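Novice: One structure is given below, represented as structure tokens, and several questions about it will come after.
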Amino acid sequence: MNRGVVSYIFYFIVYLTAQVLLVRNLVLMNFAFCYIYIAFLLLIPLEISPILYMLIGFATGVTTDYFYNTMGIHTAACVLITYLRPFIVRFLTPRGGYEQNVEPTLKSMGLEWFIVYSSIFILIHHIALFYIEASEISLFFFTFGKVIMSSLFTLIILIVTQYLFYSPRKS
Amino acid sequence: MRQLFLFFYNYRAFFTFLFLEAICGWLIIENNQYQSSAFFNSANSSVASILQFQNNITDYFKLKNVNKDLADENALLKAKLEQLKLSDSLAVDSALTPEVINQFEFTVAKVINNTTRNVYNYITINKGTNDGIKPGMGVIGPRGVVGKIKTCSGNFSTITSVLHFDNLISSKLKKNGAFCTTKWNGKNPRTANLIYLPKHVKVAKGDTVVTSGFNAVFPENVMIGIVSNVREDLQVEDVNRITINLSTDFNGISYLYVVNNKLKPQLDSLKIKTGMENE
């Protein structure tokens with residue numbers, strides 16, 4: 001368990017640094033954004049206590065907000081997905097239930113489950129994020145386009161990083 | 001009572017959720033205020049120093065463009081200087097006191113963080129209260145208007161850029177002095193809209209839009225952009241929908257000038273006395 005905590009602190013630093021220093025400037029056609037830092041929240045083990053999980057989400061959001069100058073917006077979206085994840089996970093329970101202490105990575109859960117899980121997760125986060133930011137009726141469809149394109153972008157980057165860094169060592 | 005505690009305990013996740021979201025709501029509202037505390041944004045010194053570290057690296061990739069911008073500006077300033085030398089020999093308007101002529105002070109600052117793709121965009125620069133910068137001052141770049149100072153810490157400040165959905169810039173048409181307001185449309189970082197320009201004012205493609213100088217934030221006649229499109233507005237009767245191309249390329253800015261108007265306190269107190277502080 002201790003090894004787990006240390007490695008998650010390491011992941012936190014790696015994902016947030018990558019987001020703030022590199023991916024922040026990665027925007028396709030002024031339209032599709034990549035918020036890969038939520039992969040950190042997405043990959044936390046399923047059995048974590050909901051309250052601790054929400055607090056972690058809050059901390060992640062606040063850190064990102066500092067750098068994006070959007071105080072509160074990323075935080076609100078992160079707290080929302082961390083609150084909703086247990087429901088998503090319950091909804092997606094595979095036949096025979098989950099294994100003990102499982103990490104929701106592509107390696108351990110399989111491609112199909114992982115894509116469904118992460119696209120729901122990303123979509124909720126992005127809808128919350130972009131609509132809180134652009135709380136303006138005249139921008140409704142523009143923002144909707146941003147949500148869809150950014151979700152696809154983030155999802156693709158997420159799956160690529162899964163294959164790159166979480167490759168199966170033993171199979 | 002026990003029932004009540006049990007109820008809260010059973011739904012503790014939901015209440016934690018509500019509590020955290022309430023904090024977020026408070027943060028969002030707090031940050032939307034025109035001038036908020038320097039703690040909750042990238043003017044915060046520890047956050048800004050990380051951004052500066054990043055900027056030190058990315059600087060090298062921008063050098064070419066920065067050089068070109070500065071050279072262009074030098075050429076422009078030289079041309080203006082020559083003009084001034086010529087007009088100097090003619091009589092200077094005796095109504096202007098030296099105080100009025102020298103009312104603007106410029107401080108050079110470097111951009112260390114910049115967004116252009118959000119709906120509310122901010123720029124962070126490496127000068128703060130220690131360099132005499134205060135919230136509310138105007139910021140201009142080599143090619144035109146950039147924004148207004150929002151928050152300052154000791155060594156850093158954040159700017160609400162022109163690309164901020166709530167930012168209104170008092171402007172006028174250069175050719176006839178017609179008063180109007182520039183507002184960003186929230187979508188394209190290269191264009192903005194002119195609002196409150198009555199229909200009877202003739203506007204054509206290619207007209208230059210400059211700052212009006214009415215609210216003492218910017219000097220008069222600083223470039224904002226060039227009219228690119230005029231069409232009828234079907235919803236509002238008395239105005240046209242006017243699009244302008246912004247003269248500043250917000251993706252490429254790196255050095256800015258913060259404008260300090262030494263006469264602004266006078267002007268503001270006068271406005272308060274006459275009861276028009278919101279203008």
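A note on labels: chains of the structure tokens are A, B, ... as shown, every chain counts residues from 1, and ligands are counted from 1 in their shown order.
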Contacts from chain B to chain A, 10 Å maximum, only C-alpha atoms: show me the residue list as a PyMOL selection string.

Specialist: chain B and resi 12-18+20-32+39-44+47-48+50-51+53-55+113-124+158+165+185-189

Novice: Within 6 Å of Thr182 in chain B, counting only C-alpha atoms, which residues show up once you throw out same-chain ones fewer than 5 positions away? Write them as a short mmCIF file (atom, residue, chain, number, x, y, z; two decimals) with N, CA and C atoms, in the first residue's frame, please.

Specialist:
data_model
loop_
_atom_site.label_atom_id
_atom_site.label_comp_id
_atom_site.auth_asym_id
_atom_site.auth_seq_id
_atom_site.Cartn_x
_atom_site.Cartn_y
_atom_site.Cartn_z
N LEU B 168 -14.26 45.36 -22.28
CA LEU B 168 -14.73 46.33 -23.25
C LEU B 168 -13.66 47.41 -23.40
N ILE B 169 -13.37 47.80 -24.63
CA ILE B 169 -12.35 48.81 -24.85
C ILE B 169 -12.97 50.00 -25.56
N ASN B 193 -15.38 42.38 -32.34
CA ASN B 193 -16.53 43.11 -32.87
C ASN B 193 -16.54 44.55 -32.37
N LEU B 194 -17.14 45.44 -33.18
CA LEU B 194 -17.39 46.80 -32.72
C LEU B 194 -18.84 46.87 -32.33
#

Novice: Near Pro104 in chain A, counting only C-alpha atoms, which residues have an atom at most 8 Å away, once you skip same-chain residues fewer than 4 positions from it, shown as a VMD selection string?

Specialist: chain A and resid 42 to 46 108 to 109 114

Novice: Mind giving me the straight-line distance from CA of Ser119 in chain A to CA of Phe10 in chain A in Å, one decimal?

Specialist: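 If I compute the distance from CA of Ser119 in chain A to CA of Phe10 in chain A, I get 24.4 Å.
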
Novice: Per DSSP on the backbone, filter range 6-232 of chain B down to the residues in strand (DSSP E) and report them as a ChimeraX atom specification.

Specialist: /B:104-114,120-125,138-141,144-152,157-164,168-173,179-183,191-195,208-211,223-232

Novice: To one decimal place, how far is CA of Ile122 in chain A from CA of Tyr11 in chain A in Å?

Specialist: 18.3 Å
